[in-house]
Every structure is written in C-alpha cells, then in structure tokens.
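Below is the file upload.txt, which contains compact mmCIF, C-alpha atoms.
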```txt
# COMPACT_ATOMS: atom_id res chain seq x y z
CA MET A 191 71.67 105.48 112.55
CA VAL A 192 68.32 104.08 113.71
CA ARG A 193 69.05 105.13 117.29
CA LEU A 194 69.85 108.68 116.25
CA PHE A 195 66.66 108.99 114.22
CA ALA A 196 64.69 107.54 117.14
CA ARG A 197 66.12 110.18 119.49
CA LEU A 198 65.09 112.97 117.15
CA ALA A 199 61.63 111.47 116.83
CA LEU A 200 61.26 111.27 120.63
CA CYS A 201 62.45 114.84 120.94
CA ALA A 202 59.77 115.94 118.50
CA ALA A 203 57.17 113.80 120.26
CA PHE A 204 57.69 115.56 123.60
CA VAL A 205 57.49 119.03 122.10
CA PRO A 206 53.70 119.27 122.62
CA VAL A 207 54.23 118.73 126.35
CA ALA A 208 56.72 121.56 126.57
CA LEU A 209 54.42 123.79 124.50
CA ALA A 210 51.08 122.72 126.02
CA ALA A 211 50.14 126.35 126.55
CA GLN A 212 49.87 126.77 122.79
CA THR A 213 47.05 125.49 120.56
CA THR A 214 45.78 125.66 117.02
CA PRO A 215 43.71 128.86 116.61
CA SER A 216 39.97 128.69 116.13
CA ALA A 217 37.97 130.68 113.60
CA ALA A 218 37.23 133.21 116.36
CA ASP A 219 40.94 133.59 117.02
CA LEU A 220 41.58 134.28 113.36
CA ALA A 221 38.83 136.86 113.29
CA SER A 222 40.20 138.56 116.40
CA GLY A 223 43.65 139.06 114.97
CA TYR A 224 45.46 135.72 115.17
CA GLY A 225 49.16 136.13 114.69
CA SER A 226 49.34 139.40 116.65
CA SER A 227 51.09 139.81 120.00
CA THR A 228 47.75 140.15 121.85
CA THR A 229 46.76 137.21 124.10
CA PRO A 230 43.16 136.02 123.46
CA ALA A 231 40.58 136.15 126.25
CA THR A 232 40.88 132.39 126.74
CA GLY A 233 44.44 132.86 127.99
CA VAL A 234 45.83 130.49 125.35
CA LEU A 235 48.72 131.82 123.29
CA PRO A 236 47.98 131.74 119.55
CA SER A 237 50.17 129.67 117.27
CA SER A 238 50.21 129.04 113.55
CA PRO A 239 50.28 125.57 111.99
CA SER A 240 53.77 126.29 110.69
CA GLY A 241 55.00 127.46 114.10
CA ALA A 242 55.60 131.04 112.95
CA ARG A 243 56.28 133.64 115.63
CA ALA A 244 56.11 137.40 115.69
CA SER A 245 59.80 137.44 114.70
CA GLY A 246 58.89 135.73 111.43
CA TYR A 247 60.97 132.61 112.23
CA PRO A 248 59.51 129.23 113.22
CA ALA A 249 59.19 128.51 116.94
CA PRO A 250 61.69 126.00 118.41
CA PHE A 251 60.86 122.36 117.65
CA SER A 252 58.03 123.42 115.34
CA ARG A 253 59.49 122.07 112.09
CA MET A 254 61.25 118.89 111.02
CA ALA A 255 62.96 117.83 107.80
CA ILE A 256 64.24 114.75 106.02
CA GLU A 257 66.92 114.64 103.32
CA GLY A 258 68.35 112.13 100.91
CA GLY A 259 71.54 112.53 98.93
CA VAL A 260 75.03 111.30 98.16
CA SER A 261 78.39 112.04 99.74
CA THR A 262 81.97 110.82 99.97
CA MET A 263 80.74 108.65 102.85
CA GLY A 264 78.11 106.91 100.72
CA ILE A 265 74.35 107.15 100.34
CA ASN A 266 73.25 109.89 102.71
CA LEU A 267 70.06 110.04 104.82
CA GLN A 268 69.39 112.89 107.24
CA THR A 269 66.73 114.26 109.55
CA ALA A 270 66.68 117.55 111.43
CA VAL A 271 64.64 119.66 113.82
CA ASN A 272 64.91 123.42 114.40
CA LEU A 273 66.14 124.60 117.80
CA SER A 274 66.09 128.36 117.23
CA ALA A 275 66.33 130.90 114.42
CA HIS A 276 70.07 130.18 114.24
CA LEU A 277 70.29 126.46 115.11
CA ASN A 278 69.21 123.06 113.77
CA LEU A 279 69.93 119.65 115.30
CA ARG A 280 70.68 117.16 112.53
CA GLY A 281 71.14 113.39 112.52
CA THR A 282 73.00 111.73 109.63
CA GLY A 283 73.41 108.17 108.40
CA ASN A 284 75.63 106.97 105.52
CA PHE A 285 76.16 103.59 103.92
CA PHE A 286 77.82 102.17 100.80
CA ASN A 287 79.58 99.00 99.59
CA TYR A 288 81.81 98.68 96.55
CA THR A 289 83.98 95.82 95.27
CA VAL A 290 87.02 96.28 93.03
CA ASN A 291 88.97 93.58 91.17
CA ASN A 292 92.36 93.13 89.51
CA ILE A 293 94.32 95.69 91.50
CA SER A 294 98.04 94.96 91.41
CA THR A 295 100.33 95.77 94.35
CA HIS A 296 103.73 94.31 95.23
CA GLY A 297 103.11 91.63 92.60
CA PHE A 298 99.81 90.46 94.14
CA ASN A 299 96.47 90.54 92.37
CA VAL A 300 94.05 92.07 94.86
CA THR A 301 90.26 91.92 95.11
CA GLY A 302 88.82 94.20 97.75
CA THR A 303 85.53 95.48 99.16
CA LEU A 304 85.10 99.02 100.46
CA ASN A 305 82.54 99.21 103.27
CA LEU A 306 81.20 102.59 104.36
CA ALA A 307 78.78 102.85 107.28
CA ALA A 308 78.55 105.81 109.64
CA ALA A 309 75.99 107.64 111.76
CA GLY A 310 76.35 110.89 113.61
CA VAL A 311 74.85 114.15 114.76
CA SER A 312 75.62 117.78 113.90
CA LEU A 313 74.65 121.18 115.25
CA ASP A 314 73.99 123.51 112.32
CA TYR A 315 74.68 127.17 113.12
CA PHE A 316 73.33 129.81 110.73
CA PRO A 317 74.94 133.24 111.35
CA PHE A 318 72.25 134.83 109.17
CA PRO A 319 68.97 132.92 109.59
CA SER A 320 67.48 134.21 106.35
CA HIS A 321 70.45 132.92 104.35
CA GLY A 322 71.77 129.41 103.80
CA LEU A 323 75.37 129.73 105.05
CA ARG A 324 76.06 127.43 107.98
CA ILE A 325 78.86 126.04 110.14
CA SER A 326 78.31 122.53 111.50
CA PRO A 327 80.41 120.90 114.24
CA GLY A 328 79.44 117.31 114.99
CA LEU A 329 80.37 113.76 115.96
CA LEU A 330 80.28 110.38 114.23
CA PHE A 331 79.21 107.90 116.91
CA THR A 332 79.02 104.85 114.64
CA ASP A 333 81.81 104.53 112.12
CA GLN A 334 82.53 101.30 110.24
CA ASN A 335 84.57 102.52 107.27
CA ASP A 336 87.05 99.83 106.22
CA VAL A 337 88.47 97.78 103.36
CA HIS A 338 88.84 93.98 103.25
CA ALA A 339 90.82 92.28 100.50
CA THR A 340 92.21 88.96 99.28
CA MET A 341 95.62 88.71 97.57
CA ILE A 342 96.93 86.09 95.14
CA ALA A 343 100.35 85.83 93.50
CA ALA A 344 99.69 83.73 90.41
CA GLY A 345 101.82 80.62 90.05
CA GLY A 346 105.15 81.32 88.35
CA THR A 347 104.98 85.10 88.99
CA SER A 348 107.09 87.12 91.41
CA PHE A 349 106.12 89.40 94.29
CA THR A 350 108.18 91.63 96.57
CA LEU A 351 108.17 92.14 100.30
CA ASN A 352 110.56 94.70 101.81
CA ASN A 353 112.41 94.85 98.44
CA VAL A 354 113.01 91.07 98.52
CA THR A 355 111.69 89.12 95.52
CA TYR A 356 109.89 85.81 95.92
CA TYR A 357 108.48 83.45 93.29
CA SER A 358 105.05 81.91 93.73
CA SER A 359 104.83 78.13 93.28
CA GLN A 360 103.21 76.87 90.08
CA SER A 361 101.38 74.10 91.90
CA ASN A 362 100.66 75.96 95.16
CA PRO A 363 100.38 79.75 94.55
CA VAL A 364 100.77 82.17 97.44
CA SER A 365 97.62 83.84 98.77
CA GLY A 366 96.85 86.21 101.61
CA ILE A 367 94.35 88.60 103.18
CA ALA A 368 94.54 92.28 104.04
CA SER A 369 92.41 94.88 105.79
CA LEU A 370 92.48 98.64 106.18
CA ASN A 371 90.67 100.16 109.14
CA LEU A 372 89.67 103.78 108.43
CA HIS A 373 88.03 104.56 111.79
CA LYS A 374 90.65 104.50 114.54
CA GLN A 375 89.07 107.54 116.26
CA SER A 376 85.64 106.87 117.79
CA PRO A 377 83.63 108.97 118.21
CA ALA A 378 85.10 110.99 115.37
CA PRO A 379 84.68 114.80 115.47
CA THR A 380 83.49 116.46 112.27
CA LEU A 381 83.40 120.03 111.01
CA THR A 382 81.67 121.11 107.81
CA LEU A 383 80.76 124.32 106.04
CA GLY A 384 77.53 124.28 104.07
CA TRP A 385 74.99 126.24 102.10
CA GLY A 386 71.25 125.62 102.23
CA ASN A 387 68.97 125.24 105.24
CA ILE A 388 67.18 121.89 105.35
CA ILE A 389 64.50 123.72 107.37
CA PRO A 390 64.01 126.98 105.42
CA ARG A 391 63.29 129.87 107.78
CA SER A 392 60.92 131.25 105.16
CA GLY A 393 58.58 128.32 105.86
CA GLY A 394 59.20 126.66 102.49
CA HIS A 395 59.33 122.90 102.08
CA TRP A 396 62.10 122.06 99.60
CA SER A 397 65.85 122.64 99.94
CA PHE A 398 69.01 121.55 98.10
CA PRO A 399 71.80 121.75 100.69
CA VAL A 400 75.49 121.13 100.01
CA GLU A 401 78.40 120.86 102.44
CA VAL A 402 82.15 120.31 102.53
CA GLY A 403 84.40 119.48 105.45
CA ALA A 404 86.17 116.58 107.14
CA ALA A 405 85.98 113.99 109.90
CA TYR A 406 88.98 113.25 112.10
CA MET A 407 89.27 109.46 111.82
CA GLY A 408 92.77 109.04 113.25
CA GLN A 409 95.56 107.06 111.61
CA PRO A 410 94.34 104.26 109.31
CA LYS A 411 95.42 100.78 110.45
CA LEU A 412 96.78 98.30 107.91
CA ALA A 413 96.92 94.54 108.49
CA MET A 414 98.16 91.87 106.08
CA SER A 415 99.02 88.17 106.29
CA LEU A 416 99.93 85.30 103.97
CA VAL A 417 97.71 82.31 104.62
CA SER A 418 98.70 79.64 102.09
CA GLY A 419 101.05 78.70 99.26
CA GLN A 420 104.74 78.23 98.68
CA VAL A 421 107.63 80.48 97.60
CA CYS A 422 110.32 79.08 95.36
CA ALA A 423 113.89 79.91 94.36
CA ASN A 424 113.29 80.11 90.59
CA PRO A 425 110.68 81.79 88.35
CA GLN A 426 109.39 78.41 87.22
CA GLY A 427 108.47 77.64 90.83
CA THR A 428 110.21 74.28 90.87
CA LEU A 429 113.31 74.73 93.08
CA GLY A 430 113.65 75.21 96.84
CA CYS A 431 109.93 75.70 97.42
CA GLN A 432 108.88 76.44 101.01
CA ASN A 433 105.56 77.12 102.71
CA VAL A 434 104.91 80.77 103.50
CA VAL A 435 103.06 79.91 106.72
CA GLY A 436 105.62 79.63 109.51
CA ASN A 437 108.45 80.86 107.28
CA ALA A 438 110.48 83.27 109.43
CA ASP A 439 112.25 84.96 106.49
CA VAL A 440 108.99 85.62 104.61
CA ASN A 441 107.19 86.76 107.76
CA ASN A 442 109.96 89.19 108.77
CA ASN A 443 109.94 90.82 105.34
CA LEU A 444 106.13 90.92 105.38
CA GLN A 445 106.13 92.79 108.70
CA ALA A 446 108.75 95.22 107.39
CA GLN A 447 106.61 95.85 104.29
CA ILE A 448 103.52 96.49 106.45
CA ALA A 449 105.50 99.02 108.52
CA LYS A 450 106.54 100.87 105.34
CA ASP A 451 103.00 100.97 103.98
CA GLN A 452 101.63 102.02 107.38
CA LYS A 453 104.06 104.94 107.48
CA ASP A 454 102.74 106.11 104.12
CA LEU A 455 99.16 105.94 105.46
CA ASN A 456 99.76 107.73 108.77
CA PRO A 457 99.30 111.30 107.44
CA TYR A 458 95.78 110.50 106.21
CA ARG A 459 93.96 111.11 109.48
CA PHE A 460 91.14 113.24 108.07
CA TYR A 461 88.36 111.80 105.93
CA PRO A 462 86.92 114.34 103.44
CA ILE A 463 83.20 115.05 103.57
CA VAL A 464 81.50 116.40 100.46
CA SER A 465 77.74 115.98 100.11
CA PHE A 466 74.66 117.30 98.37
CA GLY A 467 71.03 116.27 98.50
CA VAL A 468 67.35 117.17 98.44
CA GLY A 469 65.47 117.97 101.64
CA TYR A 470 61.79 118.32 102.53
CA SER A 471 60.61 120.28 105.57
CA PHE A 472 57.22 120.06 107.31
CA GLY A 473 55.51 121.46 110.40
CA LEU A 474 55.03 119.55 113.65
CA HIS A 475 51.38 120.06 114.65
CA ARG A 476 50.72 120.90 118.29
CA HIS A 477 47.47 120.34 120.16
CA ALA A 478 46.52 121.61 123.58
CA GLY A 479 46.20 119.07 126.36
CA LEU A 480 48.70 116.56 124.93
```
Whole structure, structure tokens version:
Amino acid sequence: MVRLFARLALCAAFVPVALAAQTTPSAADLASGYGSSTTPATGVLPSSPSGARASGYPAPFSRMAIEGGVSTMGINLQTAVNLSAHLNLRGTGNFFNYTVNNISTHGFNVTGTLNLAAAGVSLDYFPFPSHGLRISPGLLFTDQNDVHATMIAAGGTSFTLNNVTYYSSQSNPVSGIASLNLHKQSPAPTLTLGWGNIIPRSGGHWSFPVEVGAAYMGQPKLAMSLVSGQVCANPQGTLGCQNVVGNADVNNNLQAQIAKDQKDLNPYRFYPIVSFGVGYSFGLHRHAGL
C-alpha cells in the first residue's frame, strides 16, 4: 500500500516538469482576461489554481484526492489523481483483523483470526464526466487475505473425520491447527461499478463515493492438521487410546475430510467488494521553472 501511494505521489511531483510552460497568473493576467483562450504577451499559457481549462474540466494531473471508508475488505484508504475528464488513477489499501471464538465444526471447538490486507490500483472511467457513474477495472498487487485457526476436541467428546467418529482422550485431548488461504490468484484482477467521483469535475472538494464489484482471488486453499492428543475407543476416553500424530487411520480420514471441504470451497473464487467512504479533493499547485 505504501509503495502504491508513493508512486502516485511521485507522479504528482513530476507534473510541474511536464507542465512547466504553465504558471500561476499575475494580477496583470487577471486584468487582461485570464481564463480566456488568448495567450498573454509573455508567451506563458494561463492556468488557474484549480487547473481549470476552457472545457470546464480540470487539466490532467491538476487535482488529487484522499478517501477513507469501510469495505468488505476492511478499513479502506485511497488516493487518486485525475488523468483526463473521463479518467482517474486510484490507489487503494485495505486492512482488518478479527478474531472469533467458540465455533463448532466436525466436533472441534475452533478459535480463528481473519486477516485482511490488500493493496491495489484501479483506473476509474467516467462515461459522463459531469456525473458520478464509473466503471473501474483494476489489480490487487498485494493480497494477504487468510484465516488461521486452532481446533480442540474437549476430552470425552467425539469428533468426526470423513464420517468416522473418534473420541478425544480425557487426559490428553486432541488439538489441531487449520488455515484458509483466500488469495490464490496474485495479482488479482478486480472490476467494480461505482457512483461518485473522488475528484469532482465541478471543482468541489468533498465526495461520498460507493462501489460494488468483485476480485478474482482463485480457489481458496484449505489446510488442516492434528498436532497433539489421543483418540480412544469409548466415549469416556479410557480404552484403546492412540496418539493422533503418526496414526495412519486418523491421518487418512483427515485428508479425505480436507478434500471434501476443499470441494465445497472451490466455487468461491470471487471475493465481493462493497465499499463506501468520504473523499476530499484538492488542487496541485504548479509553478513555472520547477
């Protein structure tokens, strides 16, 4: 995310070089009709502090914006620069962590942490510059969305693997770890539809953009292993107890269970994107000779 913001900042920093022929108008310029299509006697093209052109839209790279908000990918931070009347270049960063407890699955009590961290870039296309409708193709270059969990089968309780029931030892309960990788595709292409221009073409400062769409993450990848404990032949956990580590029967059923769960996850290749926020736009001042 930091790299993307740095690139946008560098891009904005070099704008004065590309537009060195333009300068902030003097009082004489204003008196002689600043803002018209006539070139002043000095040979320097007039420009307004907001970058307005004769067309009424800001000149390329003349305005920048920052936005904060929330989305299905976490806390959302964005920055953008205008490329033309129809286009903005936008960098996005998202992050969020959330821990859940007491989830029950297959007889295990699961505690897991959802980690969301992603950064990307989008090209916002506005078919009608004076209106907020936009279409935004993009890419997520940094994507660290995943889930990590610990599993415990309380002593004396049962759990199932591949439809086979096991009993967790009273004195040495079974425990394990699991992970779910949500970012198999990297970089991940995105496509969103939105309303609201973070850089209003009217020259205003505030905006309240919203967008919906999806990122193609690829098939999620599930991993699970049992790391300690014993399984027993009776509910009391006192007969025929065996270690789960190195137990071929338990491991074979565990792998079969993972394959079943993975099959259920395979269709979920797209991650939904829904976001809204508050943006503030400002002009990039240009000075001759820089």
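For the set A:Val337, A:Ala249, A:Ile256, A:Val311, the residue with the smallest atom-to-atom gap to A:Thr289 is A:Val337, counting only C-alpha atoms.
Here atom CA of A:Leu323 is placed at a distance of 11.0 Å from atom CA of A:Thr382.
The environment of stretch 456-464 of chain A within 6 Å, counting all atoms listed in the file and disregarding residues fewer than 6 places along the same chain, consists of Ser261, Thr262, Glu401, Val402, Gly403, Ala404, Ala405, Tyr406, Met407, Gly408 and Gln409 of chain A.
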For A:Val468, the nearest of the candidates A:His395, A:Arg253, A:His296, A:Lys374, counting all atoms listed in the file |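 Result for the nearest residue to A:Val468: A:His395.
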Atomic distance atom CA of A:Arg391 - atom CA of A:Ser320, expressed in Å with one decimal | 6.2 Å
Atom pair atom CA of A:Gln268 + atom CA of A:Asn371, distance 24.9 Å
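Distance cut-off 12 Å, centre (81.6, 101.6, 114.3), atoms counted all atoms listed in the file; the residues meeting this are Met191, Asn284, Phe285, Asn305, Leu306, Ala307, Ala308, Ala309, Gly310, Leu330, Phe331, Thr332, Asp333, Gln334, Asn335, Asp336, Asn371, Leu372, His373, Lys374, Gln375, Ser376, Pro377, Ala378 and Met407 of chain A.
For the residues A:Gly393, A:Gly259, A:Pro379, A:Gly302, ranking by smallest atom-to-atom distance to A:Pro327 using only C-alpha atoms places A:Pro379 first.
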Hey, which of A:Val421, A:Val260, A:Leu277, A:Val290 ends up closest to A:Asn433? Count all atoms listed in the file.
-> A:Val421
Show which residues sit within 10 Å of stretch 353-363 of chain A, as an MDAnalysis selection string. Count all atoms listed in the file, and ignore same-chain residues fewer than 6 positions away.
-> chainID A and resid 296:297 342:347 418:434 440 443:444 446:447
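Taking all atoms listed in the file into account, those protein, DNA and RNA residues with any atom at most 9 Å away from (95.3, 86.6, 104.7) amount to Ala339, Thr340, Met341, Ser365, Gly366, Ile367, Ala368, Ser369, Ala413, Met414, Ser415, Leu416, Val417 and Ser418 of chain A.
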Measuring atom to atom with only C-alpha atoms, identify which of A:Phe286, A:Asn292, A:Leu412, A:Ile388 is nearest to A:Gln445.
->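 Result for the nearest residue to A:Gln445: A:Leu412.
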Set the distance at 7 Å and use all atoms listed in the file: which residues neighbour stretch 279-281 of chain A once local chain neighbours fewer than 6 positions away are removed? I'd like the list as a PDB file with C-alpha atoms, in the frame of the given file.
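Once everything was written out, this is result01.pdb:
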```
ATOM      1  CA  LEU A 194      69.850 108.680 116.250  1.00  0.00           C
ATOM      2  CA  PHE A 195      66.660 108.990 114.220  1.00  0.00           C
ATOM      3  CA  GLN A 268      69.390 112.890 107.240  1.00  0.00           C
ATOM      4  CA  THR A 269      66.730 114.260 109.550  1.00  0.00           C
ATOM      5  CA  ALA A 270      66.680 117.550 111.430  1.00  0.00           C
ATOM      6  CA  VAL A 271      64.640 119.660 113.820  1.00  0.00           C
ATOM      7  CA  ASN A 272      64.910 123.420 114.400  1.00  0.00           C
ATOM      8  CA  LEU A 273      66.140 124.600 117.800  1.00  0.00           C
ATOM      9  CA  GLY A 310      76.350 110.890 113.610  1.00  0.00           C
ATOM     10  CA  VAL A 311      74.850 114.150 114.760  1.00  0.00           C
ATOM     11  CA  SER A 312      75.620 117.780 113.900  1.00  0.00           C
ATOM     12  CA  LEU A 313      74.650 121.180 115.250  1.00  0.00           C
ATOM     13  CA  ASP A 314      73.990 123.510 112.320  1.00  0.00           C
TER      14      ASP A 314
END
```
Just add N, CA and C atoms to stretch 350-371 of chain A and send it as a short mmCIF file (atom, residue, chain, number, x, y, z; two decimals), keeping the file's coordinate frame.
```cif
data_model
loop_
_atom_site.label_atom_id
_atom_site.label_comp_id
_atom_site.auth_asym_id
_atom_site.auth_seq_id
_atom_site.Cartn_x
_atom_site.Cartn_y
_atom_site.Cartn_z
N THR A 350 107.11 91.06 95.73
CA THR A 350 108.18 91.63 96.57
C THR A 350 107.63 91.99 97.94
N LEU A 351 108.44 91.73 98.93
CA LEU A 351 108.17 92.14 100.30
C LEU A 351 109.45 92.75 100.86
N ASN A 352 109.39 94.01 101.26
CA ASN A 352 110.56 94.70 101.81
C ASN A 352 111.74 94.65 100.83
N ASN A 353 111.41 94.83 99.52
CA ASN A 353 112.41 94.85 98.44
C ASN A 353 113.07 93.49 98.21
N VAL A 354 112.52 92.43 98.75
CA VAL A 354 113.01 91.07 98.52
C VAL A 354 112.02 90.38 97.58
N THR A 355 112.55 89.76 96.53
CA THR A 355 111.69 89.12 95.52
C THR A 355 111.51 87.64 95.82
N TYR A 356 110.25 87.22 95.74
CA TYR A 356 109.89 85.81 95.92
C TYR A 356 109.13 85.34 94.68
N TYR A 357 109.20 84.03 94.42
CA TYR A 357 108.48 83.45 93.29
C TYR A 357 107.39 82.52 93.80
N SER A 358 106.19 82.71 93.29
CA SER A 358 105.05 81.91 93.73
C SER A 358 105.05 80.55 93.03
N SER A 359 104.81 79.50 93.80
CA SER A 359 104.83 78.13 93.28
C SER A 359 103.76 77.93 92.20
N GLN A 360 104.16 77.19 91.15
CA GLN A 360 103.21 76.87 90.08
C GLN A 360 102.07 76.01 90.60
N SER A 361 102.39 75.05 91.44
CA SER A 361 101.38 74.10 91.90
C SER A 361 100.65 74.57 93.16
N ASN A 362 101.26 75.49 93.90
CA ASN A 362 100.66 75.96 95.16
C ASN A 362 100.90 77.47 95.31
N PRO A 363 100.16 78.30 94.55
CA PRO A 363 100.38 79.75 94.55
C PRO A 363 100.17 80.36 95.94
N VAL A 364 100.87 81.46 96.16
CA VAL A 364 100.77 82.17 97.44
C VAL A 364 99.52 83.03 97.46
N SER A 365 98.80 82.99 98.59
CA SER A 365 97.62 83.84 98.77
C SER A 365 97.63 84.44 100.17
N GLY A 366 96.90 85.55 100.32
CA GLY A 366 96.85 86.21 101.61
C GLY A 366 95.60 87.06 101.76
N ILE A 367 95.48 87.71 102.90
CA ILE A 367 94.35 88.60 103.18
C ILE A 367 94.90 89.91 103.73
N ALA A 368 94.13 90.97 103.55
CA ALA A 368 94.54 92.28 104.04
C ALA A 368 93.30 93.07 104.46
N SER A 369 93.50 94.01 105.37
CA SER A 369 92.41 94.88 105.79
C SER A 369 92.97 96.27 106.08
N LEU A 370 92.12 97.26 105.89
CA LEU A 370 92.48 98.64 106.18
C LEU A 370 91.35 99.26 106.99
N ASN A 371 91.65 99.56 108.24
CA ASN A 371 90.67 100.16 109.14
C ASN A 371 90.77 101.68 109.04
#
```
